[in-house]
Amino acid sequence: MRALTRVAVAAGVLLVIYGLQFGVEAGFTQYVQRIILLAGINVILAVGLNLINGTTGQFSIGHAGFMAVGAYGAAYIGVQLAGPVHGLLGLGPLADAVVFNLALLAGAIFAGISGLIVGMPSLRLRGDYLAVVTLGFGEIIRILFNNATFLGSATGYFGDSPSGLPEYTNFFWVFAWVTVIVLLIHNLTFSQTGRSLTAIREDEIAAEAMATPSTRLKVTAFAISAASAGIAGGLFAHMQSGVRPEDFRFEKSIDMIVMIIVGGLGSISGAILGGIFVAVSLELMRDLQQYRLVLYALLLIVIMIVRPQGLLGTRELHHLLRRKRPAKPAAPTEST
Amino acid sequence: MTQLLQQIINGLSLGSIYALIALGYTMVYGILKLINFAHGEVFMVGAYTGFYAAGALGVAGFEGRNQAFPLYLAVLVLIIAMAAAALLGMAIEFLAYRPVRSAPRLTPLITAIGVSLFLQNAGMLLFSPNPQRYPAILSEVRFELFGVIVTNIKLTIFVVALALMLGLHLFVQRTWTGRAMRALSFNIDAAKLMGIDTNRVIRSTFAIGSALAAAGGILFGLDQITINPLMGVLTGLKAFVAAVLGGIGSIPGAVIGGLLIGLAEQLTAGYLSPEYRDAITFVILILILLLKPEGLLGVVRVEKV
Amino acid sequence: MSLLELRAVDKIFGGLHAVRGVSFQVEPGAIFGLIGPNGAGKTTLFNVITGVYTPEHGEILFRGQNIAGLKPALIAERGVARTFQNIRIFRTMTVAENVMVAGHHLHKASIPAAMLRTRSYERDEQALRQRAHELLDVLGLAELAGEIAGSLPYGSQRRLEIARGLMLSPKLLLLDEPAAGMNSQEARTLNEQIRFLRDQLGLTVILVEHNMAVVMNVCETIHVVDHGETIAQGTPAEIKTHPKVLAAYLGEEHVENEASA
């Protein structure tokens, strides 16, 4: 009975998103539509990154690498699957949907695995050192893709068709995945696991004294956030005709950090707001491209000095609305 | 054999530059336990200050007449750049780091990243994003020694770096401020209680580290011929790895680390592939942090529970 | 078989020999005191027992098994709970959440189950919440369940730390200076609480404490360390008059003066 209700609700939500898609595609220009899609992809990136940086307090600044793994992974698998799936299901939206989502999942799995590989050794390190190691790994991943000839090296990967990768990404898929990921990560954050992750952030030593398997949980959270970035990467790849290593430079990791800092490190709603903010400001400043990073940099500095907890701190929007207990916002806390 | 010697010479001179920059990282981290991400940009600003100062002092004229830039002017350029960098370093400390000094560790980290980003992009706006040719503050003279090509520039790098490092060593060991710096790196609160003006000492630390980085910047420009506003990013990171390799907080460690990274990079480029010359530094970083995070000369710090 | 046994445990930090060849046994159901002047190595011993540090030599037998060098989370799982000298509660979480964090063994649900909110996950969550409330009730904190832990008064924070430890369903409870900052009234209440923990909940308690009113009153056996070494062990009466103990606390001269007076 319960399962039935859930399926019904899910179907309903998907229907709503599908309906919205018509509205968006009819009512907005291509330009604005692109911003909306990027905002959705950013939300997935931000909510995923927030799980490890915000909730668990382990600062990773190389997440663009995982987005790259997801992008390349999804693109490659998508190209490999297209033939067999079209053979089985013929051409048409159903086959495309199957190929696309399987490709996205593949990208997420690859990204999650690379998250494990990076996380296992790195998460033994503290604060600043962890940040630098993740930066290093992010760069190494990018350099590897830059030199991978079967994936097009620096020119990029465009699949096997002359027009490049199929543009599967649209409003529906982006926001269907946004809903799924936000829901899953929200549920995780407000569960015993989420409590344990927060405890690790607050005081790792005390958490361990209370039987929390901190290394295992940190690595798991890291892998989940990497997998999220992978989904975002896969969605991003299929909005362009190809995947290029230069899309995943350190600047991308910085964008992700700005998203969660502005919204509030540790808050899911904050991450959502931050993701939207970065997408919108990116486009608004398209003409002022060279000023964008200067302004982001100043923004980071000013926020840290004036209001380190960002917009929402660790609170959620629904907390504020319900006027819950006056929770003290936890600015970036010690990770010891 | 001569090929190997050549690479070693090149590696050591590059490494000396890394060492000069690494010193700044290690001194600041030793006292504030903060990775000064913006330090690479100070290096860059130092190089550009040298660029503009040399220009203002008429280096183009000398080049045009095929004359050597006078030594006393070259020294002046160095001094100007070091002074400018020192001021920049102190400004960064005062404006961006001091307000968040007592905040949990993550906040200054993000601030530092912000300052670094800001300077990179401000640099691109102010100095033009295109690479610039470095003026011939020193005209290149090549000579052969045992089949190895050595230039006066490489020699200058060794001499200047050595002189500065020696100067730093004497400063840290013999002067009052130097001793205060060492005291702060052991226990900043105790130092405060002993009546040491910690703000002044921290300011000096930033000033000295920045000045050294600026010297490194000019030497880098002379050696590599071109500079660009993003030169601090990669080089800064490599110098940071050097500081970690040597043992962050340790001054001799920074020197050794710098030389080793320079050698590793040069040997990788020469014998493996130039594509991977940058990657080798990241690999060393990861290995060191996983195997011996306190570095070669560092001390393991036990946490009080 | 004793519940906890230390055999010739050594802990060295670089040049500092913090714990030298300390041995003692704690019987099940005991209230065991660990005292000594400042810097004697008491908290270090706690840290060694709970796995925060690994001893250089010696064995630590908990219920017959050597736990020396195991990770803290594993030792906690086996039934050793502790509180900290400078309270280490999770300040931004609520009181109830603080206690629930320690409830891993009650929560069998996996991460996918948590993400999908399966029925078994909801059941475990309910059970966990209930148990947390029971423990808060035992320590008189039930009304504060929804409050942010960091906003609690000092004494309540200390009790919260104990409630959190109890969530582990431990056999052994290590209390690190539980009476710190308490007045004599509060200290008396603490004594009752400690006895309650042993009598009603069947815990064995080891206490590091400076407050002699508490130690002498509630401990049955007292082990005294100074400069990392054992200098005495016995009942409160024995320890009160033990010459080595007096010398350690009051200084050799004072004891000599007392003796010759």
# chains A, B, ... in the order shown; residues from 1 in each chain; ligands from 1
call {"tool": "interface_residues", "arguments": {"of": "chain A", "to": "chain C", "cutoff": "10 Å", "atoms": "only C-alpha atoms", "output": "PDB file with N, CA and C atoms, in the first residue's frame"}}
result
ATOM      1  N   ARG A   2       1.801   1.215   0.919  1.00  0.00           N
ATOM      2  CA  ARG A   2       2.718   2.353   1.043  1.00  0.00           C
ATOM      3  C   ARG A   2       3.527   2.509  -0.232  1.00  0.00           C
ATOM      4  N   ALA A   3       3.989   1.357  -0.730  1.00  0.00           N
ATOM      5  CA  ALA A   3       4.790   1.405  -1.951  1.00  0.00           C
ATOM      6  C   ALA A   3       3.960   1.977  -3.087  1.00  0.00           C
ATOM      7  N   ILE A 181      18.024  13.277  -6.980  1.00  0.00           N
ATOM      8  CA  ILE A 181      19.240  13.443  -6.181  1.00  0.00           C
ATOM      9  C   ILE A 181      18.991  14.284  -4.942  1.00  0.00           C
ATOM     10  N   LEU A 183      16.258  14.542  -3.336  1.00  0.00           N
ATOM     11  CA  LEU A 183      15.489  13.726  -2.400  1.00  0.00           C
ATOM     12  C   LEU A 183      16.368  12.708  -1.688  1.00  0.00           C
ATOM     13  N   LEU A 184      17.177  11.978  -2.456  1.00  0.00           N
ATOM     14  CA  LEU A 184      18.027  10.949  -1.859  1.00  0.00           C
ATOM     15  C   LEU A 184      19.012  11.563  -0.871  1.00  0.00           C
ATOM     16  N   ILE A 185      19.634  12.667  -1.276  1.00  0.00           N
ATOM     17  CA  ILE A 185      20.631  13.253  -0.385  1.00  0.00           C
ATOM     18  C   ILE A 185      19.969  13.899   0.822  1.00  0.00           C
ATOM     19  N   HIS A 186      18.790  14.460   0.622  1.00  0.00           N
ATOM     20  CA  HIS A 186      18.059  15.007   1.753  1.00  0.00           C
ATOM     21  C   HIS A 186      17.739  13.905   2.758  1.00  0.00           C
ATOM     22  N   ASN A 187      17.222  12.790   2.261  1.00  0.00           N
ATOM     23  CA  ASN A 187      16.898  11.679   3.154  1.00  0.00           C
ATOM     24  C   ASN A 187      18.130  11.171   3.880  1.00  0.00           C
ATOM     25  N   LEU A 188      19.236  11.128   3.157  1.00  0.00           N
ATOM     26  CA  LEU A 188      20.476  10.651   3.778  1.00  0.00           C
ATOM     27  C   LEU A 188      20.936  11.608   4.875  1.00  0.00           C
ATOM     28  N   THR A 189      20.849  12.896   4.581  1.00  0.00           N
ATOM     29  CA  THR A 189      21.327  13.895   5.535  1.00  0.00           C
ATOM     30  C   THR A 189      20.519  13.876   6.823  1.00  0.00           C
ATOM     31  N   PHE A 190      19.219  13.609   6.703  1.00  0.00           N
ATOM     32  CA  PHE A 190      18.403  13.608   7.912  1.00  0.00           C
ATOM     33  C   PHE A 190      18.127  12.199   8.389  1.00  0.00           C
ATOM     34  N   SER A 191      19.159  11.383   8.368  1.00  0.00           N
ATOM     35  CA  SER A 191      19.042  10.016   8.839  1.00  0.00           C
ATOM     36  C   SER A 191      20.151   9.770   9.847  1.00  0.00           C
ATOM     37  N   GLN A 192      20.213   8.553  10.356  1.00  0.00           N
ATOM     38  CA  GLN A 192      21.279   8.225  11.293  1.00  0.00           C
ATOM     39  C   GLN A 192      22.639   8.444  10.639  1.00  0.00           C
ATOM     40  N   THR A 193      22.741   8.094   9.351  1.00  0.00           N
ATOM     41  CA  THR A 193      24.003   8.314   8.647  1.00  0.00           C
ATOM     42  C   THR A 193      24.346   9.799   8.624  1.00  0.00           C
ATOM     43  N   GLY A 194      23.346  10.592   8.305  1.00  0.00           N
ATOM     44  CA  GLY A 194      23.565  12.033   8.268  1.00  0.00           C
ATOM     45  C   GLY A 194      23.984  12.566   9.624  1.00  0.00           C
ATOM     46  N   ARG A 195      23.356  12.054  10.673  1.00  0.00           N
ATOM     47  CA  ARG A 195      23.737  12.464  12.019  1.00  0.00           C
ATOM     48  C   ARG A 195      25.193  12.102  12.274  1.00  0.00           C
ATOM     49  N   SER A 196      25.570  10.899  11.856  1.00  0.00           N
ATOM     50  CA  SER A 196      26.951  10.477  12.071  1.00  0.00           C
ATOM     51  C   SER A 196      27.904  11.378  11.313  1.00  0.00           C
ATOM     52  N   LEU A 197      27.541  11.738  10.077  1.00  0.00           N
ATOM     53  CA  LEU A 197      28.414  12.613   9.289  1.00  0.00           C
ATOM     54  C   LEU A 197      28.553  13.967   9.965  1.00  0.00           C
ATOM     55  N   THR A 198      27.453  14.495  10.459  1.00  0.00           N
ATOM     56  CA  THR A 198      27.504  15.780  11.159  1.00  0.00           C
ATOM     57  C   THR A 198      28.366  15.659  12.407  1.00  0.00           C
ATOM     58  N   ALA A 199      28.220  14.533  13.105  1.00  0.00           N
ATOM     59  CA  ALA A 199      29.038  14.329  14.300  1.00  0.00           C
ATOM     60  C   ALA A 199      30.513  14.330  13.937  1.00  0.00           C
ATOM     61  N   ILE A 200      30.841  13.702  12.815  1.00  0.00           N
ATOM     62  CA  ILE A 200      32.230  13.676  12.363  1.00  0.00           C
ATOM     63  C   ILE A 200      32.714  15.092  12.102  1.00  0.00           C
ATOM     64  N   ARG A 201      31.850  15.895  11.520  1.00  0.00           N
ATOM     65  CA  ARG A 201      32.217  17.289  11.262  1.00  0.00           C
ATOM     66  C   ARG A 201      32.444  18.041  12.564  1.00  0.00           C
ATOM     67  N   GLU A 202      31.532  17.847  13.485  1.00  0.00           N
ATOM     68  CA  GLU A 202      31.602  18.576  14.751  1.00  0.00           C
ATOM     69  C   GLU A 202      32.822  18.195  15.565  1.00  0.00           C
ATOM     70  N   ASP A 203      33.066  16.911  15.686  1.00  0.00           N
ATOM     71  CA  ASP A 203      34.133  16.448  16.569  1.00  0.00           C
ATOM     72  C   ASP A 203      34.413  14.991  16.240  1.00  0.00           C
ATOM     73  N   GLU A 204      35.372  14.799  15.356  1.00  0.00           N
ATOM     74  CA  GLU A 204      35.614  13.439  14.873  1.00  0.00           C
ATOM     75  C   GLU A 204      36.042  12.496  15.987  1.00  0.00           C
ATOM     76  N   ILE A 205      36.835  13.026  16.899  1.00  0.00           N
ATOM     77  CA  ILE A 205      37.315  12.160  17.969  1.00  0.00           C
ATOM     78  C   ILE A 205      36.174  11.701  18.860  1.00  0.00           C
ATOM     79  N   ALA A 206      35.286  12.628  19.210  1.00  0.00           N
ATOM     80  CA  ALA A 206      34.138  12.237  20.026  1.00  0.00           C
ATOM     81  C   ALA A 206      33.249  11.271  19.253  1.00  0.00           C
ATOM     82  N   ALA A 207      33.097  11.528  17.950  1.00  0.00           N
ATOM     83  CA  ALA A 207      32.263  10.645  17.141  1.00  0.00           C
ATOM     84  C   ALA A 207      32.811   9.227  17.162  1.00  0.00           C
ATOM     85  N   GLU A 208      34.128   9.106  17.024  1.00  0.00           N
ATOM     86  CA  GLU A 208      34.729   7.772  17.044  1.00  0.00           C
ATOM     87  C   GLU A 208      34.562   7.121  18.402  1.00  0.00           C
ATOM     88  N   ALA A 209      34.663   7.943  19.451  1.00  0.00           N
ATOM     89  CA  ALA A 209      34.492   7.390  20.797  1.00  0.00           C
ATOM     90  C   ALA A 209      33.074   6.861  20.980  1.00  0.00           C
ATOM     91  N   MET A 210      32.166   7.301  20.108  1.00  0.00           N
ATOM     92  CA  MET A 210      30.791   6.815  20.171  1.00  0.00           C
ATOM     93  C   MET A 210      30.542   5.790  19.063  1.00  0.00           C
ATOM     94  N   ALA A 211      31.586   5.067  18.719  1.00  0.00           N
ATOM     95  CA  ALA A 211      31.506   3.932  17.781  1.00  0.00           C
ATOM     96  C   ALA A 211      31.163   4.314  16.352  1.00  0.00           C
ATOM     97  N   THR A 212      31.364   5.568  15.969  1.00  0.00           N
ATOM     98  CA  THR A 212      31.097   5.936  14.582  1.00  0.00           C
ATOM     99  C   THR A 212      32.270   5.506  13.718  1.00  0.00           C
ATOM    100  N   PRO A 213      32.008   4.681  12.679  1.00  0.00           N
ATOM    101  CA  PRO A 213      33.125   4.261  11.812  1.00  0.00           C
ATOM    102  C   PRO A 213      33.497   5.404  10.878  1.00  0.00           C
ATOM    103  N   SER A 214      34.298   6.347  11.396  1.00  0.00           N
ATOM    104  CA  SER A 214      34.413   7.624  10.691  1.00  0.00           C
ATOM    105  C   SER A 214      35.080   7.527   9.324  1.00  0.00           C
ATOM    106  N   THR A 220      32.517   6.932   2.122  1.00  0.00           N
ATOM    107  CA  THR A 220      31.220   6.696   1.493  1.00  0.00           C
ATOM    108  C   THR A 220      30.584   8.014   1.065  1.00  0.00           C
ATOM    109  N   THR A 314      23.717  26.314   8.386  1.00  0.00           N
ATOM    110  CA  THR A 314      23.406  24.905   8.225  1.00  0.00           C
ATOM    111  C   THR A 314      21.911  24.670   8.298  1.00  0.00           C
ATOM    112  N   LYS A 324      11.605  26.993  13.660  1.00  0.00           N
ATOM    113  CA  LYS A 324      12.086  25.998  14.624  1.00  0.00           C
ATOM    114  C   LYS A 324      12.936  26.695  15.678  1.00  0.00           C
ATOM    115  N   ARG A 325      13.492  25.895  16.588  1.00  0.00           N
ATOM    116  CA  ARG A 325      14.347  26.443  17.629  1.00  0.00           C
ATOM    117  C   ARG A 325      15.414  27.341  16.993  1.00  0.00           C
ATOM    118  N   PRO A 326      15.802  28.391  17.687  1.00  0.00           N
ATOM    119  CA  PRO A 326      16.780  29.319  17.118  1.00  0.00           C
ATOM    120  C   PRO A 326      18.131  28.651  16.968  1.00  0.00           C
ATOM    121  N   ALA A 327      18.293  27.892  15.885  1.00  0.00           N
ATOM    122  CA  ALA A 327      19.535  27.151  15.682  1.00  0.00           C
ATOM    123  C   ALA A 327      20.673  28.112  15.394  1.00  0.00           C
ATOM    124  N   LYS A 328      21.804  27.886  16.052  1.00  0.00           N
ATOM    125  CA  LYS A 328      22.950  28.745  15.804  1.00  0.00           C
ATOM    126  C   LYS A 328      23.642  28.249  14.540  1.00  0.00           C
ATOM    127  N   PRO A 329      23.791  29.118  13.524  1.00  0.00           N
ATOM    128  CA  PRO A 329      24.410  28.641  12.285  1.00  0.00           C
ATOM    129  C   PRO A 329      25.853  28.230  12.543  1.00  0.00           C
ATOM    130  N   ALA A 330      26.215  27.065  12.011  1.00  0.00           N
ATOM    131  CA  ALA A 330      27.589  26.617  12.205  1.00  0.00           C
ATOM    132  C   ALA A 330      28.413  26.991  10.998  1.00  0.00           C
TER     133      ALA A 330
END
call {"tool": "interface_residues", "arguments": {"of": "chain B", "to": "chain A", "cutoff": "10 Å", "atoms": "only C-alpha atoms", "output": "PyMOL selection string"}}
result
chain B and resi 33-35+37+95-101+103-125+129+237+240-241+244+275-276+278-287+289-291+293+303+305
call {"tool": "residues_around", "arguments": {"residues": "stretch 248-250 of chain B", "least_positions_apart": "2", "cutoff": "10 Å", "atoms": "only C-alpha atoms", "output": "PyMOL selection string"}}
result
chain B and resi 22-33+35+182+185-186+240-246+252-257+293-299
call {"tool": "write_last_selection", "arguments": {"atoms": "N, CA and C atoms", "output": "mmCIF file, in the first residue's frame"}}
result
data_model
loop_
_atom_site.group_PDB
_atom_site.id
_atom_site.type_symbol
_atom_site.label_atom_id
_atom_site.label_comp_id
_atom_site.auth_asym_id
_atom_site.auth_seq_id
_atom_site.Cartn_x
_atom_site.Cartn_y
_atom_site.Cartn_z
ATOM 1 N N ALA B 22 59.006 28.507 -1.723
ATOM 2 C CA ALA B 22 58.573 27.568 -0.682
ATOM 3 C C ALA B 22 58.832 28.134 0.712
ATOM 4 N N LEU B 23 59.878 28.916 0.847
ATOM 5 C CA LEU B 23 60.200 29.491 2.157
ATOM 6 C C LEU B 23 59.028 30.318 2.684
ATOM 7 N N GLY B 24 58.422 31.086 1.782
ATOM 8 C CA GLY B 24 57.279 31.895 2.201
ATOM 9 C C GLY B 24 56.131 31.036 2.713
ATOM 10 N N TYR B 25 55.825 29.967 1.970
ATOM 11 C CA TYR B 25 54.747 29.068 2.405
ATOM 12 C C TYR B 25 55.043 28.486 3.773
ATOM 13 N N THR B 26 56.292 28.002 3.910
ATOM 14 C CA THR B 26 56.606 27.270 5.127
ATOM 15 C C THR B 26 56.627 28.179 6.350
ATOM 16 N N MET B 27 57.103 29.415 6.174
ATOM 17 C CA MET B 27 57.147 30.318 7.330
ATOM 18 C C MET B 27 55.744 30.698 7.783
ATOM 19 N N VAL B 28 54.880 30.993 6.816
ATOM 20 C CA VAL B 28 53.517 31.373 7.192
ATOM 21 C C VAL B 28 52.780 30.190 7.817
ATOM 22 N N TYR B 29 52.947 29.014 7.219
ATOM 23 C CA TYR B 29 52.258 27.852 7.774
ATOM 24 C C TYR B 29 52.783 27.527 9.154
ATOM 25 N N GLY B 30 54.087 27.685 9.340
ATOM 26 C CA GLY B 30 54.675 27.371 10.634
ATOM 27 C C GLY B 30 54.036 28.169 11.754
ATOM 28 N N ILE B 31 53.718 29.425 11.471
ATOM 29 C CA ILE B 31 53.160 30.286 12.513
ATOM 30 C C ILE B 31 51.640 30.232 12.554
ATOM 31 N N LEU B 32 51.008 30.363 11.394
ATOM 32 C CA LEU B 32 49.553 30.490 11.402
ATOM 33 C C LEU B 32 48.814 29.209 11.073
ATOM 34 N N LYS B 33 49.556 28.166 10.699
ATOM 35 C CA LYS B 33 48.935 26.907 10.277
ATOM 36 C C LYS B 33 47.962 27.186 9.139
ATOM 37 N N ILE B 35 47.619 27.650 4.868
ATOM 38 C CA ILE B 35 48.247 27.559 3.556
ATOM 39 C C ILE B 35 47.934 28.853 2.827
ATOM 40 N N ARG B 182 60.356 32.064 15.357
ATOM 41 C CA ARG B 182 60.482 30.666 15.756
ATOM 42 C C ARG B 182 59.615 30.373 16.965
ATOM 43 N N SER B 185 56.082 29.921 16.004
ATOM 44 C CA SER B 185 55.777 28.678 15.284
ATOM 45 C C SER B 185 55.626 27.510 16.248
ATOM 46 N N PHE B 186 56.202 27.651 17.450
ATOM 47 C CA PHE B 186 56.023 26.577 18.439
ATOM 48 C C PHE B 186 54.716 26.710 19.172
ATOM 49 N N PHE B 240 54.584 24.923 -3.130
ATOM 50 C CA PHE B 240 53.909 24.444 -1.935
ATOM 51 C C PHE B 240 54.222 22.973 -1.708
ATOM 52 N N VAL B 241 54.167 22.191 -2.781
ATOM 53 C CA VAL B 241 54.514 20.778 -2.652
ATOM 54 C C VAL B 241 55.936 20.643 -2.127
ATOM 55 N N ALA B 242 56.815 21.526 -2.611
ATOM 56 C CA ALA B 242 58.205 21.501 -2.140
ATOM 57 C C ALA B 242 58.261 21.733 -0.633
ATOM 58 N N ALA B 243 57.463 22.700 -0.164
ATOM 59 C CA ALA B 243 57.464 22.983 1.273
ATOM 60 C C ALA B 243 56.952 21.781 2.057
ATOM 61 N N VAL B 244 55.925 21.131 1.525
ATOM 62 C CA VAL B 244 55.380 19.960 2.211
ATOM 63 C C VAL B 244 56.379 18.815 2.181
ATOM 64 N N LEU B 245 57.033 18.636 1.031
ATOM 65 C CA LEU B 245 58.021 17.570 0.897
ATOM 66 C C LEU B 245 59.124 17.739 1.919
ATOM 67 N N GLY B 246 59.584 18.961 2.073
ATOM 68 C CA GLY B 246 60.673 19.200 3.006
ATOM 69 C C GLY B 246 60.230 19.165 4.457
ATOM 70 N N PRO B 252 64.961 24.809 6.486
ATOM 71 C CA PRO B 252 65.855 23.982 5.664
ATOM 72 C C PRO B 252 65.063 22.989 4.815
ATOM 73 N N GLY B 253 63.934 22.542 5.353
ATOM 74 C CA GLY B 253 63.076 21.625 4.611
ATOM 75 C C GLY B 253 62.592 22.243 3.316
ATOM 76 N N ALA B 254 62.199 23.520 3.376
ATOM 77 C CA ALA B 254 61.705 24.189 2.174
ATOM 78 C C ALA B 254 62.793 24.245 1.110
ATOM 79 N N VAL B 255 64.008 24.487 1.547
ATOM 80 C CA VAL B 255 65.119 24.570 0.590
ATOM 81 C C VAL B 255 65.346 23.212 -0.077
ATOM 82 N N ILE B 256 65.442 22.185 0.762
ATOM 83 C CA ILE B 256 65.677 20.846 0.221
ATOM 84 C C ILE B 256 64.520 20.418 -0.663
ATOM 85 N N GLY B 257 63.314 20.678 -0.191
ATOM 86 C CA GLY B 257 62.134 20.319 -0.971
ATOM 87 C C GLY B 257 62.142 20.998 -2.317
ATOM 88 N N PRO B 293 53.295 12.462 5.839
ATOM 89 C CA PRO B 293 52.711 13.806 5.743
ATOM 90 C C PRO B 293 53.521 14.881 6.429
ATOM 91 N N GLU B 294 54.363 14.494 7.408
ATOM 92 C CA GLU B 294 55.129 15.547 8.062
ATOM 93 C C GLU B 294 56.340 15.958 7.245
ATOM 94 N N GLY B 295 56.571 15.288 6.105
ATOM 95 C CA GLY B 295 57.666 15.677 5.236
ATOM 96 C C GLY B 295 58.996 15.108 5.678
ATOM 97 N N LEU B 296 60.036 15.450 4.923
ATOM 98 C CA LEU B 296 61.353 14.870 5.208
ATOM 99 C C LEU B 296 61.916 15.358 6.524
ATOM 100 N N LEU B 297 61.815 16.667 6.763
ATOM 101 C CA LEU B 297 62.424 17.191 7.988
ATOM 102 C C LEU B 297 61.387 17.609 9.021
ATOM 103 N N GLY B 298 60.137 17.309 8.749
ATOM 104 C CA GLY B 298 59.108 17.779 9.653
ATOM 105 C C GLY B 298 58.976 16.911 10.887
ATOM 106 N N VAL B 299 58.220 17.427 11.839
ATOM 107 C CA VAL B 299 58.023 16.701 13.091
ATOM 108 C C VAL B 299 56.559 16.268 13.172
#
call {"tool": "select_by_dssp", "arguments": {"residues": "stretch 78-202 of chain C", "states": "strand (DSSP E or B)", "output": "number ranges by chain"}}
result
C: 80-82, 94, 148, 172-176
call {"tool": "residues_around", "arguments": {"residues": "B:Leu87", "least_positions_apart": "5", "cutoff": "9 Å", "atoms": "only C-alpha atoms", "output": "PyMOL selection string"}}
result
chain B and resi 82+92+206-207+210-211
call {"tool": "write_last_selection", "arguments": {"atoms": "C-alpha atoms", "output": "PDB file, in the first residue's frame"}}
result
ATOM      1  CA  MET B  82      60.993  42.722  -3.309  1.00  0.00           C
ATOM      2  CA  ILE B  92      46.932  40.628   2.180  1.00  0.00           C
ATOM      3  CA  PHE B 206      54.546  37.790   5.390  1.00  0.00           C
ATOM      4  CA  ALA B 207      56.815  40.626   4.287  1.00  0.00           C
ATOM      5  CA  SER B 210      56.772  37.776  -0.088  1.00  0.00           C
ATOM      6  CA  ALA B 211      60.066  39.514  -0.761  1.00  0.00           C
TER       7      ALA B 211
END
call {"tool": "closest_residue", "arguments": {"among": "C:Glu209, C:Asp176, C:Asp226, C:Glu186", "to": "chain B", "atoms": "only C-alpha atoms"}}
result
C:Asp176
call {"tool": "closest_residue", "arguments": {"among": "C:Gln65, C:Ser2, C:Thr235, C:Gln85", "to": "chain B", "atoms": "only C-alpha atoms"}}
result
C:Gln85
call {"tool": "residues_around", "arguments": {"residues": "B:Gly89", "least_positions_apart": "5", "cutoff": "10 Å", "atoms": "only C-alpha atoms", "output": "list of chain:residue names"}}
result
B:Ala38, B:His39, B:Glu41, B:Val42, B:Ala83, B:Ala84, B:Phe94, B:Arg203, B:Ser204, B:Thr205, B:Phe206, B:Ala207, B:Ile208, B:Gly209, B:Ser210, B:Ala211
call {"tool": "residues_around", "arguments": {"residues": "B:Gln224", "least_positions_apart": "5", "cutoff": "10 Å", "atoms": "only C-alpha atoms", "output": "PyMOL selection string"}}
result
chain B and resi 14+133-134+218-219
call {"tool": "residues_around", "arguments": {"residues": "B:Arg277", "least_positions_apart": "5", "cutoff": "12 Å", "atoms": "only C-alpha atoms", "output": "PDB file with C-alpha atoms, in the first residue's frame"}}
result
ATOM      1  CA  ILE A 140      45.663  14.670 -12.330  1.00  0.00           C
ATOM      2  CA  ILE A 143      45.660  15.795 -17.218  1.00  0.00           C
TER       3      ILE A 143
ATOM      4  CA  GLY B  11      66.832  21.165 -12.240  1.00  0.00           C
ATOM      5  CA  LEU B 234      51.262  26.159 -11.180  1.00  0.00           C
ATOM      6  CA  THR B 235      54.581  27.395  -9.855  1.00  0.00           C
ATOM      7  CA  LYS B 238      54.835  23.254  -7.029  1.00  0.00           C
ATOM      8  CA  ILE B 261      61.055  19.167  -6.855  1.00  0.00           C
ATOM      9  CA  GLY B 262      63.111  21.139  -9.377  1.00  0.00           C
ATOM     10  CA  LEU B 263      65.269  18.102 -10.039  1.00  0.00           C
ATOM     11  CA  ALA B 264      62.312  15.743 -10.272  1.00  0.00           C
ATOM     12  CA  GLU B 265      60.545  18.013 -12.712  1.00  0.00           C
ATOM     13  CA  GLN B 266      63.579  18.521 -14.919  1.00  0.00           C
ATOM     14  CA  LEU B 267      64.499  14.845 -14.967  1.00  0.00           C
ATOM     15  CA  THR B 268      60.927  13.837 -15.744  1.00  0.00           C
ATOM     16  CA  ALA B 269      60.752  16.304 -18.608  1.00  0.00           C
ATOM     17  CA  GLY B 270      64.120  15.179 -19.929  1.00  0.00           C
ATOM     18  CA  TYR B 271      63.853  11.424 -19.569  1.00  0.00           C
ATOM     19  CA  LEU B 272      60.146  10.580 -19.419  1.00  0.00           C
ATOM     20  CA  PHE B 282      51.150  16.197  -8.084  1.00  0.00           C
ATOM     21  CA  VAL B 283      52.252  12.603  -7.845  1.00  0.00           C
ATOM     22  CA  ILE B 284      54.953  13.558  -5.355  1.00  0.00           C
TER      23      ILE B 284
END
call {"tool": "closest_residue", "arguments": {"among": "C:Val215, C:Ile67, C:Leu172, C:Val48", "to": "chain B", "atoms": "only C-alpha atoms"}}
result
C:Val48
call {"tool": "atom_distance", "arguments": {"atom1": "atom CA of A:Met256", "atom2": "atom CA of A:Gln21"}}
result
25.9 Å
